[in-house]
>>> print(open('data_34.cif').read())   # mmCIF, C-alpha atoms
data_final
#
loop_
_atom_site.group_PDB
_atom_site.id
_atom_site.type_symbol
_atom_site.label_atom_id
_atom_site.label_comp_id
_atom_site.auth_asym_id
_atom_site.auth_seq_id
_atom_site.Cartn_x
_atom_site.Cartn_y
_atom_site.Cartn_z
ATOM 1 C CA SER Y 1 27.938 13.787 -27.756
ATOM 2 C CA GLU Y 2 27.224 15.194 -24.271
ATOM 3 C CA TYR Y 3 29.956 13.074 -22.682
ATOM 4 C CA THR Y 4 33.448 14.533 -23.023
ATOM 5 C CA GLY Y 5 36.443 12.627 -21.746
ATOM 6 C CA ASN Y 6 36.141 11.459 -18.157
ATOM 7 C CA ARG Y 7 34.343 14.574 -16.943
ATOM 8 C CA LYS Y 8 31.270 13.912 -14.823
ATOM 9 C CA ILE Y 9 28.676 16.586 -14.046
ATOM 10 C CA ASP Y 10 27.353 16.607 -10.455
ATOM 11 C CA ILE Y 11 23.684 17.538 -10.245
ATOM 12 C CA SER Y 12 22.006 18.109 -6.847
ATOM 13 C CA ILE Y 13 18.287 17.321 -6.950
ATOM 14 C CA ALA Y 14 16.020 18.219 -4.021
ATOM 15 C CA VAL Y 15 12.970 15.943 -3.840
ATOM 16 C CA ASP Y 16 9.941 17.371 -2.029
ATOM 17 C CA SER Y 17 7.427 15.220 -3.917
ATOM 18 C CA THR Y 18 7.136 11.815 -5.649
ATOM 19 C CA THR Y 19 9.865 10.245 -3.493
ATOM 20 C CA LEU Y 20 8.817 6.788 -4.700
ATOM 21 C CA MET Y 21 10.048 7.768 -8.165
ATOM 22 C CA ILE Y 22 13.669 8.422 -7.153
ATOM 23 C CA LYS Y 23 14.868 4.913 -7.983
ATOM 24 C CA GLU Y 24 13.354 4.966 -11.464
ATOM 25 C CA VAL Y 25 14.618 8.482 -12.224
ATOM 26 C CA ALA Y 26 18.141 7.575 -11.065
ATOM 27 C CA GLU Y 27 18.189 4.406 -13.164
ATOM 28 C CA ASN Y 28 16.981 6.334 -16.220
ATOM 29 C CA MET Y 29 19.699 8.963 -15.755
ATOM 30 C CA ARG Y 30 22.427 6.342 -15.351
ATOM 31 C CA LYS Y 31 21.285 4.510 -18.491
ATOM 32 C CA HIS Y 32 20.752 7.415 -20.858
ATOM 33 C CA TYR Y 33 22.923 10.194 -19.387
ATOM 34 C CA PRO Y 34 26.075 8.524 -17.979
ATOM 35 C CA TRP Y 35 27.930 11.849 -17.941
ATOM 36 C CA SER Y 36 25.702 13.056 -15.091
ATOM 37 C CA VAL Y 37 25.960 12.123 -11.416
ATOM 38 C CA PRO Y 38 22.586 12.977 -9.823
ATOM 39 C CA HIS Y 39 22.559 13.430 -6.047
ATOM 40 C CA PHE Y 40 19.041 13.179 -4.597
ATOM 41 C CA TYR Y 41 18.106 14.871 -1.332
ATOM 42 C CA VAL Y 42 14.714 14.183 0.249
ATOM 43 C CA GLY Y 43 13.316 16.933 2.442
ATOM 44 C CA ASN Y 44 14.582 20.416 3.210
ATOM 45 C CA ASN Y 45 17.870 20.975 1.415
ATOM 46 C CA LYS Y 46 19.054 24.444 0.383
ATOM 47 C CA ASP Y 47 21.941 23.287 -1.801
ATOM 48 C CA TRP Y 48 20.231 22.176 -5.021
ATOM 49 C CA ASP Y 49 20.398 22.621 -8.779
ATOM 50 C CA LEU Y 50 16.984 21.112 -9.550
ATOM 51 C CA LYS Y 51 13.965 20.574 -7.340
ATOM 52 C CA ILE Y 52 10.964 18.239 -7.698
ATOM 53 C CA CYS Y 53 7.989 19.630 -5.786
ATOM 54 C CA SER Y 54 4.214 19.789 -6.056
ATOM 55 C CA SER Y 55 1.357 22.210 -5.486
ATOM 56 C CA MET Y 56 -2.412 22.491 -5.709
ATOM 57 C CA GLY Y 57 -2.226 24.632 -8.870
ATOM 58 C CA PRO Y 58 -0.536 24.479 -12.274
ATOM 59 C CA ASP Y 59 1.281 27.832 -12.032
ATOM 60 C CA CYS Y 60 4.883 27.032 -11.173
ATOM 61 C CA GLY Y 61 6.855 30.065 -12.355
ATOM 62 C CA SER Y 62 9.049 30.852 -15.327
ATOM 63 C CA THR Y 63 11.950 28.573 -14.321
ATOM 64 C CA SER Y 64 9.708 25.554 -13.707
ATOM 65 C CA THR Y 65 7.661 23.161 -15.754
ATOM 66 C CA THR Y 66 4.728 20.964 -14.751
ATOM 67 C CA ILE Y 67 5.790 17.368 -15.310
ATOM 68 C CA ILE Y 68 2.733 15.537 -13.945
ATOM 69 C CA GLU Y 69 -0.868 16.454 -13.176
ATOM 70 C CA GLU Y 70 -2.660 13.739 -11.226
ATOM 71 C CA GLN Y 71 -5.626 13.048 -9.005
ATOM 72 C CA ILE Y 72 -5.402 12.162 -5.325
ATOM 73 C CA GLY Y 73 -7.636 9.486 -3.851
ATOM 74 C CA VAL Y 74 -7.622 6.889 -1.107
ATOM 75 C CA ILE Y 75 -5.777 3.558 -1.009
ATOM 76 C CA PHE Y 76 -6.730 0.501 1.026
ATOM 77 C CA PRO Y 77 -6.371 -3.307 1.031
ATOM 78 C CA LYS Y 78 -8.537 -5.283 -1.397
ATOM 79 C CA GLU Y 79 -10.414 -6.888 1.502
ATOM 80 C CA HIS Y 80 -11.357 -3.541 3.069
ATOM 81 C CA PRO Y 81 -15.131 -2.792 3.296
ATOM 82 C CA LEU Y 82 -14.605 0.317 1.115
ATOM 83 C CA ASN Y 83 -13.904 -1.990 -1.810
ATOM 84 C CA SER Y 84 -17.550 -3.084 -1.878
ATOM 85 C CA LEU Y 85 -18.829 0.461 -2.480
ATOM 86 C CA SER Y 86 -19.571 1.708 -5.988
ATOM 87 C CA GLU Y 87 -18.684 5.260 -4.922
ATOM 88 C CA ILE Y 88 -16.708 6.535 -1.946
ATOM 89 C CA THR Y 89 -17.621 9.744 -0.134
ATOM 90 C CA MET Y 90 -16.166 11.682 2.793
ATOM 91 C CA GLN Y 91 -18.810 10.102 5.017
ATOM 92 C CA ASP Y 92 -17.577 6.623 4.066
ATOM 93 C CA ILE Y 93 -14.020 7.341 5.216
ATOM 94 C CA ALA Y 94 -14.890 9.584 8.172
ATOM 95 C CA GLY Y 95 -14.695 6.723 10.655
ATOM 96 C CA CYS Y 96 -11.691 4.983 9.116
ATOM 97 C CA ASP Y 97 -8.227 5.040 10.643
ATOM 98 C CA LEU Y 98 -5.959 6.999 8.310
ATOM 99 C CA ILE Y 99 -2.201 6.770 8.000
ATOM 100 C CA SER Y 100 -0.387 9.897 6.844
ATOM 101 C CA LEU Y 101 3.107 10.988 5.964
ATOM 102 C CA ASN Y 102 4.580 13.484 8.410
ATOM 103 C CA HIS Y 103 3.415 17.104 8.591
ATOM 104 C CA ALA Y 104 6.448 18.448 6.724
ATOM 105 C CA ASP Y 105 5.835 16.304 3.646
ATOM 106 C CA ASN Y 106 4.693 18.298 0.618
ATOM 107 C CA ILE Y 107 1.802 16.009 -0.349
ATOM 108 C CA THR Y 108 0.587 15.992 3.269
ATOM 109 C CA LYS Y 109 0.278 19.784 3.203
ATOM 110 C CA ILE Y 110 -1.711 19.637 -0.041
ATOM 111 C CA ILE Y 111 -4.090 16.952 1.248
ATOM 112 C CA SER Y 112 -4.527 18.864 4.509
ATOM 113 C CA ALA Y 113 -5.495 21.987 2.563
ATOM 114 C CA TYR Y 114 -8.122 20.068 0.593
ATOM 115 C CA CYS Y 115 -9.556 18.568 3.791
ATOM 116 C CA THR Y 116 -9.714 22.005 5.412
ATOM 117 C CA ASN Y 117 -11.467 23.491 2.378
ATOM 118 C CA ALA Y 118 -14.018 20.665 2.456
ATOM 119 C CA ASP Y 119 -14.465 20.961 6.248
ATOM 120 C CA PHE Y 120 -13.423 17.319 6.522
ATOM 121 C CA HIS Y 121 -11.546 16.145 9.597
ATOM 122 C CA PRO Y 122 -9.739 12.860 8.866
ATOM 123 C CA ASN Y 123 -9.186 10.426 11.712
ATOM 124 C CA ILE Y 124 -5.393 10.226 11.407
ATOM 125 C CA THR Y 125 -4.050 7.611 13.795
ATOM 126 C CA MET Y 126 -0.455 7.354 12.535
ATOM 127 C CA TYR Y 127 2.147 9.658 11.028
ATOM 128 C CA VAL Y 128 5.066 7.932 9.302
ATOM 129 C CA GLU Y 129 8.285 9.075 7.636
ATOM 130 C CA THR Y 130 8.187 7.251 4.303
ATOM 131 C CA PRO Y 131 5.607 6.024 1.755
ATOM 132 C CA SER Y 132 7.026 2.485 1.967
ATOM 133 C CA ILE Y 133 6.281 2.294 5.710
ATOM 134 C CA MET Y 134 2.802 3.684 5.070
ATOM 135 C CA CYS Y 135 2.181 1.029 2.422
ATOM 136 C CA GLU Y 136 3.333 -1.779 4.702
ATOM 137 C CA LEU Y 137 1.045 -0.618 7.517
ATOM 138 C CA ILE Y 138 -1.929 -0.455 5.146
ATOM 139 C CA GLU Y 139 -1.197 -3.972 3.906
ATOM 140 C CA ARG Y 140 -1.142 -5.149 7.531
ATOM 141 C CA GLY Y 141 -4.579 -3.653 8.166
ATOM 142 C CA PHE Y 142 -3.647 -0.631 10.293
ATOM 143 C CA GLY Y 143 -5.666 1.806 8.196
ATOM 144 C CA ILE Y 144 -6.086 3.517 4.835
ATOM 145 C CA ALA Y 145 -4.349 6.546 3.331
ATOM 146 C CA PHE Y 146 -4.637 9.355 0.827
ATOM 147 C CA ALA Y 147 -2.275 8.936 -2.133
ATOM 148 C CA PRO Y 148 -1.631 10.314 -5.637
ATOM 149 C CA GLN Y 149 -2.891 8.059 -8.413
ATOM 150 C CA CYS Y 150 0.119 7.945 -10.718
ATOM 151 C CA THR Y 151 3.245 8.604 -8.649
ATOM 152 C CA GLY Y 152 1.837 6.962 -5.520
ATOM 153 C CA TYR Y 153 -0.790 4.290 -6.119
ATOM 154 C CA SER Y 154 1.003 2.699 -9.082
ATOM 155 C CA HIS Y 155 3.844 1.760 -6.689
ATOM 156 C CA TYR Y 156 1.549 0.176 -4.093
ATOM 157 C CA LYS Y 157 1.144 -3.410 -5.260
ATOM 158 C CA GLY Y 158 -1.895 -5.228 -3.916
ATOM 159 C CA LEU Y 159 -3.803 -2.109 -2.844
ATOM 160 C CA GLU Y 160 -6.944 -0.539 -4.272
ATOM 161 C CA PHE Y 161 -7.215 3.105 -5.325
ATOM 162 C CA ARG Y 162 -10.467 5.053 -5.433
ATOM 163 C CA LEU Y 163 -11.390 8.704 -5.836
ATOM 164 C CA ILE Y 164 -13.526 10.483 -3.247
ATOM 165 C CA LYS Y 165 -16.664 11.640 -5.030
ATOM 166 C CA ASP Y 166 -17.461 14.727 -2.962
ATOM 167 C CA MET Y 167 -13.858 15.812 -2.325
ATOM 168 C CA PRO Y 168 -11.976 15.867 -5.655
ATOM 169 C CA MET Y 169 -8.261 16.379 -5.102
ATOM 170 C CA ARG Y 170 -5.348 16.755 -7.477
ATOM 171 C CA HIS Y 171 -1.828 18.046 -7.405
ATOM 172 C CA TYR Y 172 0.700 19.269 -9.927
ATOM 173 C CA VAL Y 173 4.286 18.040 -9.843
ATOM 174 C CA HIS Y 174 6.856 20.621 -10.946
ATOM 175 C CA LEU Y 175 10.517 20.505 -11.855
ATOM 176 C CA THR Y 176 12.282 23.741 -10.914
ATOM 177 C CA MET Y 177 15.705 25.065 -11.820
ATOM 178 C CA ASN Y 178 17.692 27.070 -9.251
ATOM 179 C CA THR Y 179 18.161 30.504 -10.806
ATOM 180 C CA LYS Y 180 20.893 31.345 -8.282
ATOM 181 C CA ARG Y 181 23.137 28.796 -9.983
ATOM 182 C CA LEU Y 182 24.852 29.048 -13.349
ATOM 183 C CA ILE Y 183 22.530 27.438 -15.897
ATOM 184 C CA THR Y 184 24.921 25.319 -17.945
ATOM 185 C CA GLN Y 185 23.984 23.265 -20.989
ATOM 186 C CA GLU Y 186 24.585 20.096 -18.992
ATOM 187 C CA LEU Y 187 22.167 21.260 -16.288
ATOM 188 C CA GLN Y 188 19.571 22.130 -18.920
ATOM 189 C CA ASN Y 189 20.027 18.667 -20.454
ATOM 190 C CA CYS Y 190 19.427 17.023 -17.054
ATOM 191 C CA PHE Y 191 16.366 19.194 -16.541
ATOM 192 C CA ASN Y 192 14.970 18.089 -19.908
ATOM 193 C CA ALA Y 193 15.814 14.451 -19.234
ATOM 194 C CA ILE Y 194 14.044 14.327 -15.869
ATOM 195 C CA ALA Y 195 11.028 16.255 -17.152
ATOM 196 C CA GLY Y 196 10.769 13.950 -20.162
ATOM 197 C CA PHE Y 197 10.989 10.840 -18.007
ATOM 198 C CA TYR Y 198 8.136 11.974 -15.748
ATOM 199 C CA MET Y 199 5.925 12.931 -18.667
ATOM 200 C CA GLU Y 200 6.566 9.622 -20.430
ATOM 201 C CA TYR Y 201 5.876 7.736 -17.210
ATOM 202 C CA ALA Y 202 2.541 9.511 -16.764
ATOM 203 C CA ASN Y 203 1.563 8.676 -20.342
ATOM 204 C CA ARG Y 204 2.432 4.993 -19.880
ATOM 205 C CA PHE Y 205 0.391 4.856 -16.713
ATOM 206 C CA SER Y 206 -2.658 6.518 -18.267
ATOM 207 C CA ASP Y 207 -2.527 4.127 -21.210
ATOM 208 C CA THR Y 208 -2.909 1.148 -18.877
ATOM 209 C CA LYS Y 209 -5.931 2.459 -16.983
#
>>> encode(input="data_34.cif", output="C-alpha cells")
Amino acid sequence: SEYTGNRKIDISIAVDSTTLMIKEVAENMRKHYPWSVPHFYVGNNKDWDLKICSSMGPDCGSTSTTIIEEQIGVIFPKEHPLNSLSEITMQDIAGCDLISLNHADNITKIISAYCTNADFHPNITMYVETPSIMCELIERGFGIAFAPQCTGYSHYKGLEFRLIKDMPMRHYVHLTMNTKRLITQELQNCFNAIAGFYMEYANRFSDTK
C-alpha cells in the first residue's frame, strides 16, 4: 500500500555508528520496503534525512529514538592468553597492544571517554579506518580491541568477547530524524522500519546468549 506506481523515495541515511550493520539494514529495506531507495553515508555528511549515531547516555532528544542499548567489552582471538582468565580487568589488558578505529569514529570517542573517566591509558598501537580491517588484524595476532557486544562482536566470527570487570562500558544507538527536512509519511515509515529492524536484531542476539 506504500508503493504507488513507479515512484521511488530517496532516503539519505548518515551512519556514525554500527557501520557493520549497513548491509543487513539495506537488505531488509530492499526486501520489505521496495518503494524506498536508502543512500548510506558513513562519516561526516550534512545532507541527511535520518542519522544512526550513538552516545554514552539514553537521552537522544525528541526527534530520536534509542534503537539499541549494549555493553562494550574487549575482543581477541580464541588462543589469546586473556581467554584463560575467568575475569578480565584493566590491569590484564594494560600491557596488550590495542587496535582502534580512527579518532573521528563515534564509538572511539565513547570508549576514549570511558578510559579517561577510569584513568586508564590503553596501549593503542594501530588506528584503522574500518571495523573489517580491525577484525582482520586481530585475527592475525596484531592485538586486541574494544568493541560493542551486539552490533560489533556478533559480526566478528572466530573472536572472543569479554567484559572488563572494573571498567563497565555501554553505549546507546539512536536513530534521529532531520527536523530541517519535511517529515513525509514515507520518511516516517522508513524511520519506523529501520528502528524496528535494529530492535528485532538486538532481541534475536540476546536470545542466543
>>> closest_residue(input="data_34.cif", among="Y:Ile183, Y:Ala14, Y:Ile68, Y:Ile52", to="Y:Gln149", atoms="all atoms listed in the file")
Y:Ile68
>>> closest_residue(input="data_34.cif", among="Y:Phe146, Y:Thr130, Y:Val25, Y:Gln185", to="Y:Ala104", atoms="only C-alpha atoms")
Y:Thr130
>>> closest_residue(input="data_34.cif", among="Y:Ser86, Y:Asn28, Y:Thr176, Y:Thr151", to="Y:Thr66", atoms="all atoms listed in the file")
Y:Thr176
>>> residues_near_point(input="data_34.cif", point="(26.0, 14.4, -17.5)", cutoff="9 Å", atoms="only C-alpha atoms", output="NGL selection string")
:Y and (2-3 or 7-11 or 29 or 33-38 or 186-187 or 189-190)
>>> write_last_selection(input="data_34.cif", atoms="C-alpha atoms", output="JSON list (two decimals), in the frame of the given file")
[["chain", "number", "residue", "atom", "x", "y", "z"],
["Y", 2, "GLU", "CA", 27.22, 15.19, -24.27],
["Y", 3, "TYR", "CA", 29.96, 13.07, -22.68],
["Y", 7, "ARG", "CA", 34.34, 14.57, -16.94],
["Y", 8, "LYS", "CA", 31.27, 13.91, -14.82],
["Y", 9, "ILE", "CA", 28.68, 16.59, -14.05],
["Y", 10, "ASP", "CA", 27.35, 16.61, -10.46],
["Y", 11, "ILE", "CA", 23.68, 17.54, -10.24],
["Y", 29, "MET", "CA", 19.70, 8.96, -15.76],
["Y", 33, "TYR", "CA", 22.92, 10.19, -19.39],
["Y", 34, "PRO", "CA", 26.08, 8.52, -17.98],
["Y", 35, "TRP", "CA", 27.93, 11.85, -17.94],
["Y", 36, "SER", "CA", 25.70, 13.06, -15.09],
["Y", 37, "VAL", "CA", 25.96, 12.12, -11.42],
["Y", 38, "PRO", "CA", 22.59, 12.98, -9.82],
["Y", 186, "GLU", "CA", 24.58, 20.10, -18.99],
["Y", 187, "LEU", "CA", 22.17, 21.26, -16.29],
["Y", 189, "ASN", "CA", 20.03, 18.67, -20.45],
["Y", 190, "CYS", "CA", 19.43, 17.02, -17.05]]
>>> atom_distance(input="data_34.cif", atom1="atom CA of Y:Cys115", atom2="atom CA of Y:Phe161")
18.1 Å
>>> residues_around(input="data_34.cif", residues="Y:Glu69", least_positions_apart="6", cutoff="9 Å", atoms="all atoms listed in the file", output="list in words")
Pro58, Cys150, Arg170, His171, Tyr172, Val173 and Ala202 of chain Y
>>> write_last_selection(input="data_34.cif", atoms="C-alpha atoms", output="PDB file, in the coordinates of the input")
ATOM      1  CA  PRO Y  58      -0.536  24.479 -12.274  1.00  0.00           C
ATOM      2  CA  CYS Y 150       0.119   7.945 -10.718  1.00  0.00           C
ATOM      3  CA  ARG Y 170      -5.348  16.755  -7.477  1.00  0.00           C
ATOM      4  CA  HIS Y 171      -1.828  18.046  -7.405  1.00  0.00           C
ATOM      5  CA  TYR Y 172       0.700  19.269  -9.927  1.00  0.00           C
ATOM      6  CA  VAL Y 173       4.286  18.040  -9.843  1.00  0.00           C
ATOM      7  CA  ALA Y 202       2.541   9.511 -16.764  1.00  0.00           C
TER       8      ALA Y 202
END
>>> closest_residue(input="data_34.cif", among="Y:Ile72, Y:Leu175, Y:His32, Y:Glu200", to="Y:Tyr114", atoms="only C-alpha atoms")
Y:Ile72
>>> resolve_selection(input="data_34.cif", expression="the PyMOL selection byres ((chain Y and resi 122) around 9)", output="PyMOL selection string")
chain Y and resi 90+93-98+115+120-121+123-124
>>> closest_residue(input="data_34.cif", among="Y:Cys135, Y:Ile99, Y:Val15, Y:Met169", to="Y:Asp49", atoms="only C-alpha atoms")
Y:Val15
>>> resolve_selection(input="data_34.cif", expression="the PyMOL selection byres ((chain Y and resi 106) around 10)", output="PDB file with C-alpha atoms, keeping the file's coordinate frame")
ATOM      1  CA  VAL Y  15      12.970  15.943  -3.840  1.00  0.00           C
ATOM      2  CA  ASP Y  16       9.941  17.371  -2.029  1.00  0.00           C
ATOM      3  CA  SER Y  17       7.427  15.220  -3.917  1.00  0.00           C
ATOM      4  CA  THR Y  18       7.136  11.815  -5.649  1.00  0.00           C
ATOM      5  CA  GLY Y  43      13.316  16.933   2.442  1.00  0.00           C
ATOM      6  CA  CYS Y  53       7.989  19.630  -5.786  1.00  0.00           C
ATOM      7  CA  SER Y  54       4.214  19.789  -6.056  1.00  0.00           C
ATOM      8  CA  SER Y  55       1.357  22.210  -5.486  1.00  0.00           C
ATOM      9  CA  LEU Y 101       3.107  10.988   5.964  1.00  0.00           C
ATOM     10  CA  ASN Y 102       4.580  13.484   8.410  1.00  0.00           C
ATOM     11  CA  HIS Y 103       3.415  17.104   8.591  1.00  0.00           C
ATOM     12  CA  ALA Y 104       6.448  18.448   6.724  1.00  0.00           C
ATOM     13  CA  ASP Y 105       5.835  16.304   3.646  1.00  0.00           C
ATOM     14  CA  ILE Y 107       1.802  16.009  -0.349  1.00  0.00           C
ATOM     15  CA  THR Y 108       0.587  15.992   3.269  1.00  0.00           C
ATOM     16  CA  LYS Y 109       0.278  19.784   3.203  1.00  0.00           C
ATOM     17  CA  ILE Y 110      -1.711  19.637  -0.041  1.00  0.00           C
ATOM     18  CA  ILE Y 111      -4.090  16.952   1.248  1.00  0.00           C
TER      19      ILE Y 111
END
>>> residues_around(input="data_34.cif", residues="Y:Lys78", least_positions_apart="3", cutoff="10 Å", atoms="only C-alpha atoms", output="PyMOL selection string")
chain Y and resi 75+81-84+139+158-161
>>> closest_residue(input="data_34.cif", among="Y:Asp59, Y:Glu79, Y:Glu70, Y:Asp47", to="Y:Met199", atoms="only C-alpha atoms")
Y:Glu70
>>> build_atoms(input="data_34.cif", residues="stretch 81-108 of chain Y", atoms="N, CA and C atoms", output="mmCIF file, in the coordinates of the input")
data_model
loop_
_atom_site.group_PDB
_atom_site.id
_atom_site.type_symbol
_atom_site.label_atom_id
_atom_site.label_comp_id
_atom_site.auth_asym_id
_atom_site.auth_seq_id
_atom_site.Cartn_x
_atom_site.Cartn_y
_atom_site.Cartn_z
ATOM 1 N N PRO Y 81 -13.714 -3.025 3.617
ATOM 2 C CA PRO Y 81 -15.131 -2.792 3.296
ATOM 3 C C PRO Y 81 -15.360 -1.704 2.237
ATOM 4 N N LEU Y 82 -14.447 -0.728 2.124
ATOM 5 C CA LEU Y 82 -14.605 0.317 1.115
ATOM 6 C C LEU Y 82 -14.623 -0.254 -0.303
ATOM 7 N N ASN Y 83 -14.004 -1.405 -0.479
ATOM 8 C CA ASN Y 83 -13.904 -1.990 -1.810
ATOM 9 C C ASN Y 83 -15.251 -2.464 -2.344
ATOM 10 N N SER Y 84 -16.222 -2.616 -1.456
ATOM 11 C CA SER Y 84 -17.550 -3.084 -1.878
ATOM 12 C C SER Y 84 -18.456 -1.930 -2.321
ATOM 13 N N LEU Y 85 -18.009 -0.700 -2.134
ATOM 14 C CA LEU Y 85 -18.829 0.461 -2.480
ATOM 15 C C LEU Y 85 -18.609 0.881 -3.928
ATOM 16 N N SER Y 86 -19.688 1.243 -4.603
ATOM 17 C CA SER Y 86 -19.571 1.708 -5.988
ATOM 18 C C SER Y 86 -18.974 3.108 -6.045
ATOM 19 N N GLU Y 87 -19.258 3.923 -5.052
ATOM 20 C CA GLU Y 87 -18.684 5.260 -4.922
ATOM 21 C C GLU Y 87 -18.275 5.483 -3.475
ATOM 22 N N ILE Y 88 -17.201 6.249 -3.292
ATOM 23 C CA ILE Y 88 -16.708 6.535 -1.946
ATOM 24 C C ILE Y 88 -16.850 8.029 -1.678
ATOM 25 N N THR Y 89 -17.426 8.351 -0.525
ATOM 26 C CA THR Y 89 -17.621 9.744 -0.134
ATOM 27 C C THR Y 89 -16.841 10.030 1.148
ATOM 28 N N MET Y 90 -16.830 11.297 1.546
ATOM 29 C CA MET Y 90 -16.166 11.682 2.793
ATOM 30 C C MET Y 90 -16.806 10.958 3.977
ATOM 31 N N GLN Y 91 -18.117 10.780 3.931
ATOM 32 C CA GLN Y 91 -18.810 10.102 5.017
ATOM 33 C C GLN Y 91 -18.331 8.663 5.163
ATOM 34 N N ASP Y 92 -18.020 8.023 4.035
ATOM 35 C CA ASP Y 92 -17.577 6.623 4.066
ATOM 36 C C ASP Y 92 -16.228 6.456 4.744
ATOM 37 N N ILE Y 93 -15.361 7.469 4.624
ATOM 38 C CA ILE Y 93 -14.020 7.341 5.216
ATOM 39 C C ILE Y 93 -13.883 8.100 6.527
ATOM 40 N N ALA Y 94 -14.959 8.767 6.955
ATOM 41 C CA ALA Y 94 -14.890 9.584 8.172
ATOM 42 C C ALA Y 94 -14.506 8.767 9.395
ATOM 43 N N GLY Y 95 -14.979 7.542 9.481
ATOM 44 C CA GLY Y 95 -14.695 6.723 10.655
ATOM 45 C C GLY Y 95 -13.501 5.806 10.501
ATOM 46 N N CYS Y 96 -12.831 5.869 9.362
ATOM 47 C CA CYS Y 96 -11.691 4.983 9.116
ATOM 48 C C CYS Y 96 -10.412 5.542 9.749
ATOM 49 N N ASP Y 97 -9.558 4.641 10.176
ATOM 50 C CA ASP Y 97 -8.227 5.040 10.643
ATOM 51 C C ASP Y 97 -7.372 5.380 9.426
ATOM 52 N N LEU Y 98 -6.794 6.576 9.420
ATOM 53 C CA LEU Y 98 -5.959 6.999 8.310
ATOM 54 C C LEU Y 98 -4.498 7.079 8.729
ATOM 55 N N ILE Y 99 -3.644 6.664 7.810
ATOM 56 C CA ILE Y 99 -2.201 6.770 8.000
ATOM 57 C C ILE Y 99 -1.701 7.872 7.088
ATOM 58 N N SER Y 100 -0.854 8.749 7.616
ATOM 59 C CA SER Y 100 -0.387 9.897 6.844
ATOM 60 C C SER Y 100 1.126 10.007 6.917
ATOM 61 N N LEU Y 101 1.708 10.593 5.887
ATOM 62 C CA LEU Y 101 3.107 10.988 5.964
ATOM 63 C C LEU Y 101 3.222 12.157 6.930
ATOM 64 N N ASN Y 102 4.415 12.473 7.370
ATOM 65 C CA ASN Y 102 4.580 13.484 8.410
ATOM 66 C C ASN Y 102 4.141 14.869 7.927
ATOM 67 N N HIS Y 103 3.968 15.775 8.871
ATOM 68 C CA HIS Y 103 3.415 17.104 8.591
ATOM 69 C C HIS Y 103 4.261 17.902 7.608
ATOM 70 N N ALA Y 104 5.565 17.660 7.575
ATOM 71 C CA ALA Y 104 6.448 18.448 6.724
ATOM 72 C C ALA Y 104 6.422 17.996 5.273
ATOM 73 N N ASP Y 105 5.847 16.824 5.004
ATOM 74 C CA ASP Y 105 5.835 16.304 3.646
ATOM 75 C C ASP Y 105 4.940 17.155 2.752
ATOM 76 N N ASN Y 106 5.394 17.408 1.534
ATOM 77 C CA ASN Y 106 4.693 18.298 0.618
ATOM 78 C C ASN Y 106 3.283 17.808 0.290
ATOM 79 N N ILE Y 107 3.123 16.532 0.005
ATOM 80 C CA ILE Y 107 1.802 16.009 -0.349
ATOM 81 C C ILE Y 107 0.861 16.041 0.850
ATOM 82 N N THR Y 108 1.408 15.905 2.061
ATOM 83 C CA THR Y 108 0.587 15.992 3.269
ATOM 84 C C THR Y 108 -0.014 17.383 3.405
#
